[in-house]
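To be precise, the following lines are entry.pdb, and they hold PDB, C-alpha atoms.
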```pdb
ATOM      1  CA  MET X   1     -32.347  -1.143 -23.226
ATOM      2  CA  ALA X   2     -36.106  -0.591 -23.245
ATOM      3  CA  ARG X   3     -37.577   2.879 -23.696
ATOM      4  CA  LEU X   4     -40.040   4.292 -21.184
ATOM      5  CA  ASP X   5     -41.514   7.088 -23.266
ATOM      6  CA  ASN X   6     -45.022   7.973 -22.003
ATOM      7  CA  LYS X   7     -44.376   6.162 -18.695
ATOM      8  CA  LYS X   8     -44.549   7.834 -15.281
ATOM      9  CA  VAL X   9     -42.647   6.512 -12.290
ATOM     10  CA  ALA X  10     -42.945   7.459  -8.621
ATOM     11  CA  ILE X  11     -40.002   7.401  -6.229
ATOM     12  CA  LEU X  12     -41.318   7.382  -2.663
ATOM     13  CA  ALA X  13     -38.813   8.830  -0.198
ATOM     14  CA  THR X  14     -38.311  11.049   2.809
ATOM     15  CA  HIS X  15     -35.338  12.442   4.707
ATOM     16  CA  GLY X  16     -32.502   9.972   5.178
ATOM     17  CA  PHE X  17     -32.705   8.121   1.846
ATOM     18  CA  GLU X  18     -29.423   6.656   0.637
ATOM     19  CA  GLN X  19     -28.294   9.308  -1.861
ATOM     20  CA  SER X  20     -27.192   6.955  -4.639
ATOM     21  CA  GLU X  21     -30.247   4.701  -4.239
ATOM     22  CA  LEU X  22     -32.541   7.569  -5.163
ATOM     23  CA  GLU X  23     -30.367   9.388  -7.677
ATOM     24  CA  HIS X  24     -29.148   6.416  -9.755
ATOM     25  CA  PRO X  25     -32.638   5.017 -10.525
ATOM     26  CA  LEU X  26     -34.012   8.553 -11.007
ATOM     27  CA  ASN X  27     -31.372   9.334 -13.631
ATOM     28  CA  ALA X  28     -31.570   5.912 -15.316
ATOM     29  CA  LEU X  29     -35.361   6.068 -15.583
ATOM     30  CA  ARG X  30     -35.254   9.585 -16.990
ATOM     31  CA  GLU X  31     -32.544   8.589 -19.490
ATOM     32  CA  ALA X  32     -34.865   5.764 -20.617
ATOM     33  CA  GLY X  33     -37.578   8.356 -21.300
ATOM     34  CA  ALA X  34     -39.744   8.107 -18.176
ATOM     35  CA  GLU X  35     -41.254  11.047 -16.371
ATOM     36  CA  VAL X  36     -40.141  10.540 -12.757
ATOM     37  CA  HIS X  37     -41.648  12.209  -9.688
ATOM     38  CA  VAL X  38     -40.166  12.210  -6.196
ATOM     39  CA  ILE X  39     -43.103  11.715  -3.827
ATOM     40  CA  SER X  40     -42.706  12.529  -0.132
ATOM     41  CA  PRO X  41     -44.713  13.314   3.001
ATOM     42  CA  GLU X  42     -42.666  16.562   3.077
ATOM     43  CA  SER X  43     -42.856  19.414   0.593
ATOM     44  CA  GLY X  44     -39.921  21.359  -0.813
ATOM     45  CA  GLU X  45     -36.802  19.236  -0.506
ATOM     46  CA  ILE X  46     -35.721  16.088   1.281
ATOM     47  CA  LYS X  47     -32.160  15.417   2.328
ATOM     48  CA  GLY X  48     -30.312  12.238   1.519
ATOM     49  CA  TRP X  49     -27.647  10.365   3.463
ATOM     50  CA  LYS X  50     -24.230   9.883   1.880
ATOM     51  CA  GLY X  51     -21.488   7.953   3.635
ATOM     52  CA  SER X  52     -21.440   9.109   7.243
ATOM     53  CA  ASP X  53     -23.253  12.445   6.874
ATOM     54  CA  TRP X  54     -26.183  14.196   5.234
ATOM     55  CA  GLY X  55     -26.093  14.329   1.469
ATOM     56  CA  THR X  56     -27.566  16.622  -1.143
ATOM     57  CA  PRO X  57     -31.205  17.748  -0.979
ATOM     58  CA  VAL X  58     -33.550  16.482  -3.682
ATOM     59  CA  LYS X  59     -36.616  18.399  -4.884
ATOM     60  CA  VAL X  60     -39.991  16.884  -3.985
ATOM     61  CA  ASP X  61     -42.313  16.868  -6.993
ATOM     62  CA  GLU X  62     -45.526  15.873  -5.234
ATOM     63  CA  LEU X  63     -46.770  15.485  -1.688
ATOM     64  CA  LEU X  64     -47.659  11.935  -0.704
ATOM     65  CA  ASP X  65     -51.096  13.100   0.467
ATOM     66  CA  ASP X  66     -51.824  14.346  -3.082
ATOM     67  CA  ALA X  67     -50.195  11.514  -5.056
ATOM     68  CA  GLN X  68     -52.413   9.049  -6.907
ATOM     69  CA  PRO X  69     -50.939   5.585  -7.563
ATOM     70  CA  ASP X  70     -53.125   5.216 -10.667
ATOM     71  CA  HIS X  71     -51.195   8.108 -12.272
ATOM     72  CA  TYR X  72     -47.978   6.055 -12.258
ATOM     73  CA  ASP X  73     -46.663   2.980 -14.086
ATOM     74  CA  GLY X  74     -44.094   1.939 -11.460
ATOM     75  CA  LEU X  75     -42.712   2.661  -8.002
ATOM     76  CA  VAL X  76     -39.144   2.840  -6.654
ATOM     77  CA  LEU X  77     -38.354   2.585  -2.927
ATOM     78  CA  PRO X  78     -34.808   3.733  -2.132
ATOM     79  CA  GLY X  79     -33.111   2.488   0.990
ATOM     80  CA  GLY X  80     -30.982   4.006   3.652
ATOM     81  CA  GLN X  81     -31.773   3.171   7.262
ATOM     82  CA  ILE X  82     -33.711   6.332   8.119
ATOM     83  CA  ASN X  83     -35.932   6.760   5.044
ATOM     84  CA  PRO X  84     -37.735   3.380   4.924
ATOM     85  CA  ASP X  85     -38.014   3.225   8.703
ATOM     86  CA  LEU X  86     -39.865   6.564   8.748
ATOM     87  CA  LEU X  87     -42.040   5.634   5.767
ATOM     88  CA  ARG X  88     -43.094   2.220   7.088
ATOM     89  CA  ALA X  89     -44.534   4.005  10.132
ATOM     90  CA  ASN X  90     -46.575   6.285   7.845
ATOM     91  CA  PRO X  91     -49.968   4.686   7.022
ATOM     92  CA  THR X  92     -50.365   6.775   3.852
ATOM     93  CA  ALA X  93     -46.992   5.573   2.545
ATOM     94  CA  VAL X  94     -47.873   1.949   3.292
ATOM     95  CA  GLU X  95     -51.217   2.302   1.487
ATOM     96  CA  PHE X  96     -49.426   3.894  -1.467
ATOM     97  CA  VAL X  97     -47.211   0.808  -1.788
ATOM     98  CA  LYS X  98     -50.189  -1.545  -1.374
ATOM     99  CA  ALA X  99     -52.032   0.236  -4.206
ATOM    100  CA  PHE X 100     -49.169  -0.381  -6.651
ATOM    101  CA  TRP X 101     -49.029  -4.037  -5.632
ATOM    102  CA  ALA X 102     -52.791  -4.522  -5.947
ATOM    103  CA  ALA X 103     -52.716  -2.954  -9.427
ATOM    104  CA  GLY X 104     -49.922  -5.290 -10.585
ATOM    105  CA  LYS X 105     -47.533  -2.405 -11.219
ATOM    106  CA  PRO X 106     -43.766  -2.934 -10.964
ATOM    107  CA  ILE X 107     -42.200  -2.044  -7.624
ATOM    108  CA  GLY X 108     -38.478  -1.789  -6.982
ATOM    109  CA  ALA X 109     -36.924  -1.693  -3.505
ATOM    110  CA  ILE X 110     -33.240  -1.615  -2.674
ATOM    111  CA  CYS X 111     -31.204  -2.034   0.507
ATOM    112  CA  HIS X 112     -33.517  -1.235   3.470
ATOM    113  CA  GLY X 113     -36.348  -0.272   1.074
ATOM    114  CA  PRO X 114     -37.973  -3.716   1.456
ATOM    115  CA  TRP X 115     -38.977  -2.681   5.000
ATOM    116  CA  LEU X 116     -41.866  -0.882   3.290
ATOM    117  CA  LEU X 117     -42.731  -4.089   1.447
ATOM    118  CA  VAL X 118     -42.738  -5.944   4.778
ATOM    119  CA  GLU X 119     -45.151  -3.399   6.248
ATOM    120  CA  ALA X 120     -47.347  -3.473   3.130
ATOM    121  CA  GLY X 121     -47.621  -7.270   3.340
ATOM    122  CA  VAL X 122     -46.544  -7.941  -0.239
ATOM    123  CA  LEU X 123     -43.571 -10.263   0.231
ATOM    124  CA  LYS X 124     -45.295 -13.544   1.019
ATOM    125  CA  GLY X 125     -44.299 -16.218  -1.467
ATOM    126  CA  ASN X 126     -42.009 -13.960  -3.513
ATOM    127  CA  LYS X 127     -38.276 -14.295  -4.075
ATOM    128  CA  VAL X 128     -36.555 -11.136  -2.845
ATOM    129  CA  THR X 129     -33.299  -9.752  -1.569
ATOM    130  CA  SER X 130     -32.387  -6.814   0.643
ATOM    131  CA  TYR X 131     -29.595  -5.423   2.742
ATOM    132  CA  HIS X 132     -28.353  -8.348   4.841
ATOM    133  CA  SER X 133     -29.341  -6.773   8.184
ATOM    134  CA  ILE X 134     -33.073  -6.951   7.351
ATOM    135  CA  LYS X 135     -32.953 -10.511   5.979
ATOM    136  CA  THR X 136     -34.814 -11.881   9.031
ATOM    137  CA  ASP X 137     -37.537  -9.229   8.706
ATOM    138  CA  VAL X 138     -38.021 -10.178   5.049
ATOM    139  CA  ILE X 139     -38.150 -13.909   5.843
ATOM    140  CA  ASN X 140     -40.573 -13.348   8.726
ATOM    141  CA  ALA X 141     -42.829 -11.456   6.314
ATOM    142  CA  GLY X 142     -42.940 -14.521   4.039
ATOM    143  CA  GLY X 143     -40.321 -13.499   1.508
ATOM    144  CA  ASP X 144     -38.051 -16.146  -0.013
ATOM    145  CA  TRP X 145     -34.766 -14.255   0.643
ATOM    146  CA  GLU X 146     -31.661 -14.827  -1.417
ATOM    147  CA  ASP X 147     -28.283 -13.131  -1.509
ATOM    148  CA  SER X 148     -28.235 -11.951  -5.120
ATOM    149  CA  GLU X 149     -27.412  -8.721  -6.910
ATOM    150  CA  CYS X 150     -30.950  -8.329  -8.222
ATOM    151  CA  VAL X 151     -34.005 -10.506  -7.721
ATOM    152  CA  CYS X 152     -37.207 -10.096  -9.739
ATOM    153  CA  GLU X 153     -40.444 -11.985  -9.357
ATOM    154  CA  ASN X 154     -43.933 -10.903 -10.379
ATOM    155  CA  GLY X 155     -42.737  -7.379 -11.163
ATOM    156  CA  LEU X 156     -41.119  -7.014  -7.743
ATOM    157  CA  VAL X 157     -37.472  -5.954  -8.198
ATOM    158  CA  THR X 158     -35.141  -5.998  -5.193
ATOM    159  CA  SER X 159     -31.432  -5.451  -4.668
ATOM    160  CA  ARG X 160     -29.028  -5.460  -1.716
ATOM    161  CA  ASN X 161     -26.976  -2.250  -1.731
ATOM    162  CA  PRO X 162     -25.559   0.597  -3.855
ATOM    163  CA  ASP X 163     -23.142  -1.776  -5.614
ATOM    164  CA  ASP X 164     -26.207  -3.407  -7.202
ATOM    165  CA  LEU X 165     -27.656  -0.173  -8.631
ATOM    166  CA  PRO X 166     -26.781  -0.782 -12.311
ATOM    167  CA  ALA X 167     -28.567  -4.167 -12.286
ATOM    168  CA  PHE X 168     -31.439  -2.807 -10.183
ATOM    169  CA  SER X 169     -32.070   0.175 -12.451
ATOM    170  CA  ALA X 170     -31.819  -1.905 -15.642
ATOM    171  CA  LYS X 171     -34.312  -4.449 -14.303
ATOM    172  CA  MET X 172     -36.723  -1.709 -13.177
ATOM    173  CA  ILE X 173     -36.639  -0.225 -16.675
ATOM    174  CA  GLU X 174     -37.346  -3.658 -18.164
ATOM    175  CA  GLU X 175     -40.233  -4.363 -15.780
ATOM    176  CA  ILE X 176     -41.857  -0.948 -16.259
ATOM    177  CA  ALA X 177     -41.593  -1.400 -20.037
ATOM    178  CA  GLU X 178     -43.354  -4.782 -19.687
ATOM    179  CA  GLY X 179     -46.218  -3.193 -17.755
ATOM    180  CA  ARG X 180     -48.611  -4.749 -15.284
ATOM    181  CA  HIS X 181     -48.047  -8.143 -13.719
ATOM    182  CA  ASP X 182     -51.505  -9.618 -13.233
ATOM    183  CA  LYS X 183     -50.458 -13.048 -11.941
ATOM    184  CA  ARG X 184     -49.538 -11.850  -8.448
ATOM    185  CA  ALA X 185     -50.784 -13.722  -5.421
ATOM    186  CA  ALA X 186     -52.973 -11.569  -3.205
TER     187      ALA X 186
END
```

Spell out the structure here as structure tokens.
Amino acid sequence: MARLDNKKVAILATHGFEQSELEHPLNALREAGAEVHVISPESGEIKGWKGSDWGTPVKVDELLDDAQPDHYDGLVLPGGQINPDLLRANPTAVEFVKAFWAAGKPIGAICHGPWLLVEAGVLKGNKVTSYHSIKTDVINAGGDWEDSECVCENGLVTSRNPDDLPAFSAKMIEEIAEGRHDKRAA
């Protein structure tokens, strides 16, 4: 597996993230040597969702209003129904995602996380996957949706659900190690 020494990765999340979809990539990226920051519109801690109830709080490393996309080499967007729905209604969060896309930096989104990609307008012409219930949203945004464990095109890594986390995290590590993807369509 690739090493991510001297790489910084942002995980953009708020309350209601799917617990495993934040924690698994966070741990995998750190084990690969990356410095990982949880970025959120809220300070202190954000609470995840696990099963049918609230999960464990996660420490926020940096406020979204203070975060600079140019300080990071990649971005992870965990799912859960609540988290991406709140973030896609936040203009600062949407602009944060757009900045990574415009810079050609790898972006990973899992489960409902692609809702942020829909709002940011970055799916058109790209092969992607997501949780099955947002398939129509992804297609309507111009994404070429497929039902696969992990889909990667132009540095955009997407997966369907927590079962796909090992493949998702491994592909994110690979893409961040590769660096920028300059052949993206605007």

- [ ] To verify the selection step, state as a PyMOL selection string which residues the PyMOL selection byres ((chain X and resi 18-35) around 10) yields on this input.
- [x] chain X and resi 1-13+15-17+36-38+47-51+54-58+72-73+76-84+108-113+161-166+168-170+172-173+176-177

TODO: For Val151 (chain X), work out the shell of residues within 9 Å, counting only C-alpha atoms and skipping chain neighbours fewer than 2 positions away, then give it as a list in words.
DONE: Lys127, Val128, Thr129, Glu146, Asp147, Ser148, Glu149, Glu153, Leu156, Val157, Thr158, Ser159, Phe168 and Lys171 of chain X

TODO: Please write the residues picked by the PyMOL selection byres ((chain X and resi 96-100) around 12) on this file as an MDAnalysis selection string.
DONE: chainID X and resid 9:13 39:41 63:77 84 87:88 90:95 101:109 113:123 155:156 179:182 184 186

May I have the residues from that selection written out with C-alpha atoms, as an mmCIF file, in the frame of the given file?
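Result saved to out_28.cif:
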```cif
data_model
loop_
_atom_site.group_PDB
_atom_site.id
_atom_site.type_symbol
_atom_site.label_atom_id
_atom_site.label_comp_id
_atom_site.auth_asym_id
_atom_site.auth_seq_id
_atom_site.Cartn_x
_atom_site.Cartn_y
_atom_site.Cartn_z
ATOM 1 C CA VAL X 9 -42.647 6.512 -12.290
ATOM 2 C CA ALA X 10 -42.945 7.459 -8.621
ATOM 3 C CA ILE X 11 -40.002 7.401 -6.229
ATOM 4 C CA LEU X 12 -41.318 7.382 -2.663
ATOM 5 C CA ALA X 13 -38.813 8.830 -0.198
ATOM 6 C CA ILE X 39 -43.103 11.715 -3.827
ATOM 7 C CA SER X 40 -42.706 12.529 -0.132
ATOM 8 C CA PRO X 41 -44.713 13.314 3.001
ATOM 9 C CA LEU X 63 -46.770 15.485 -1.688
ATOM 10 C CA LEU X 64 -47.659 11.935 -0.704
ATOM 11 C CA ASP X 65 -51.096 13.100 0.467
ATOM 12 C CA ASP X 66 -51.824 14.346 -3.082
ATOM 13 C CA ALA X 67 -50.195 11.514 -5.056
ATOM 14 C CA GLN X 68 -52.413 9.049 -6.907
ATOM 15 C CA PRO X 69 -50.939 5.585 -7.563
ATOM 16 C CA ASP X 70 -53.125 5.216 -10.667
ATOM 17 C CA HIS X 71 -51.195 8.108 -12.272
ATOM 18 C CA TYR X 72 -47.978 6.055 -12.258
ATOM 19 C CA ASP X 73 -46.663 2.980 -14.086
ATOM 20 C CA GLY X 74 -44.094 1.939 -11.460
ATOM 21 C CA LEU X 75 -42.712 2.661 -8.002
ATOM 22 C CA VAL X 76 -39.144 2.840 -6.654
ATOM 23 C CA LEU X 77 -38.354 2.585 -2.927
ATOM 24 C CA PRO X 84 -37.735 3.380 4.924
ATOM 25 C CA LEU X 87 -42.040 5.634 5.767
ATOM 26 C CA ARG X 88 -43.094 2.220 7.088
ATOM 27 C CA ASN X 90 -46.575 6.285 7.845
ATOM 28 C CA PRO X 91 -49.968 4.686 7.022
ATOM 29 C CA THR X 92 -50.365 6.775 3.852
ATOM 30 C CA ALA X 93 -46.992 5.573 2.545
ATOM 31 C CA VAL X 94 -47.873 1.949 3.292
ATOM 32 C CA GLU X 95 -51.217 2.302 1.487
ATOM 33 C CA TRP X 101 -49.029 -4.037 -5.632
ATOM 34 C CA ALA X 102 -52.791 -4.522 -5.947
ATOM 35 C CA ALA X 103 -52.716 -2.954 -9.427
ATOM 36 C CA GLY X 104 -49.922 -5.290 -10.585
ATOM 37 C CA LYS X 105 -47.533 -2.405 -11.219
ATOM 38 C CA PRO X 106 -43.766 -2.934 -10.964
ATOM 39 C CA ILE X 107 -42.200 -2.044 -7.624
ATOM 40 C CA GLY X 108 -38.478 -1.789 -6.982
ATOM 41 C CA ALA X 109 -36.924 -1.693 -3.505
ATOM 42 C CA GLY X 113 -36.348 -0.272 1.074
ATOM 43 C CA PRO X 114 -37.973 -3.716 1.456
ATOM 44 C CA TRP X 115 -38.977 -2.681 5.000
ATOM 45 C CA LEU X 116 -41.866 -0.882 3.290
ATOM 46 C CA LEU X 117 -42.731 -4.089 1.447
ATOM 47 C CA VAL X 118 -42.738 -5.944 4.778
ATOM 48 C CA GLU X 119 -45.151 -3.399 6.248
ATOM 49 C CA ALA X 120 -47.347 -3.473 3.130
ATOM 50 C CA GLY X 121 -47.621 -7.270 3.340
ATOM 51 C CA VAL X 122 -46.544 -7.941 -0.239
ATOM 52 C CA LEU X 123 -43.571 -10.263 0.231
ATOM 53 C CA GLY X 155 -42.737 -7.379 -11.163
ATOM 54 C CA LEU X 156 -41.119 -7.014 -7.743
ATOM 55 C CA GLY X 179 -46.218 -3.193 -17.755
ATOM 56 C CA ARG X 180 -48.611 -4.749 -15.284
ATOM 57 C CA HIS X 181 -48.047 -8.143 -13.719
ATOM 58 C CA ASP X 182 -51.505 -9.618 -13.233
ATOM 59 C CA ARG X 184 -49.538 -11.850 -8.448
ATOM 60 C CA ALA X 186 -52.973 -11.569 -3.205
#
```

TODO: Take the point (-40.7, -18.4, -0.1) in the file's coordinates, draw a sphere of radius 7 Å around it, and report as a ChimeraX atom specification every protein, DNA or RNA residue with an atom inside or on it, counting only C-alpha atoms.
DONE: /X:124-127,142-144

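The two atoms in question, CA of Gly44 (chain X) and CA of Lys59 (chain X), are spaced 6.0 Å apart.
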
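For the residues X:Val60, X:Ala141, X:Ile134, X:Cys152, ranking by smallest atom-to-atom distance to Ile46 (chain X) using only C-alpha atoms places X:Val60 first.
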
Starting from 6 Å padding per side, set up an axis-aligned box that covers all listed atoms of region 63-71 of chain X and hand over centre and edge lengths in Å, one decimal, as AutoDock Vina command-line options.
```
--center_x -49.9 --center_y 10.4 --center_z -5.9 --size_x 18.4 --size_y 22.3 --size_z 24.7
```

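Taking CA of Asp61 (chain X) and CA of Glu45 (chain X) as the two end points, the separation is 8.8 Å.
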
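Between CA of Asp85 (chain X) and CA of Ser133 (chain X) the interatomic distance comes to 13.2 Å.
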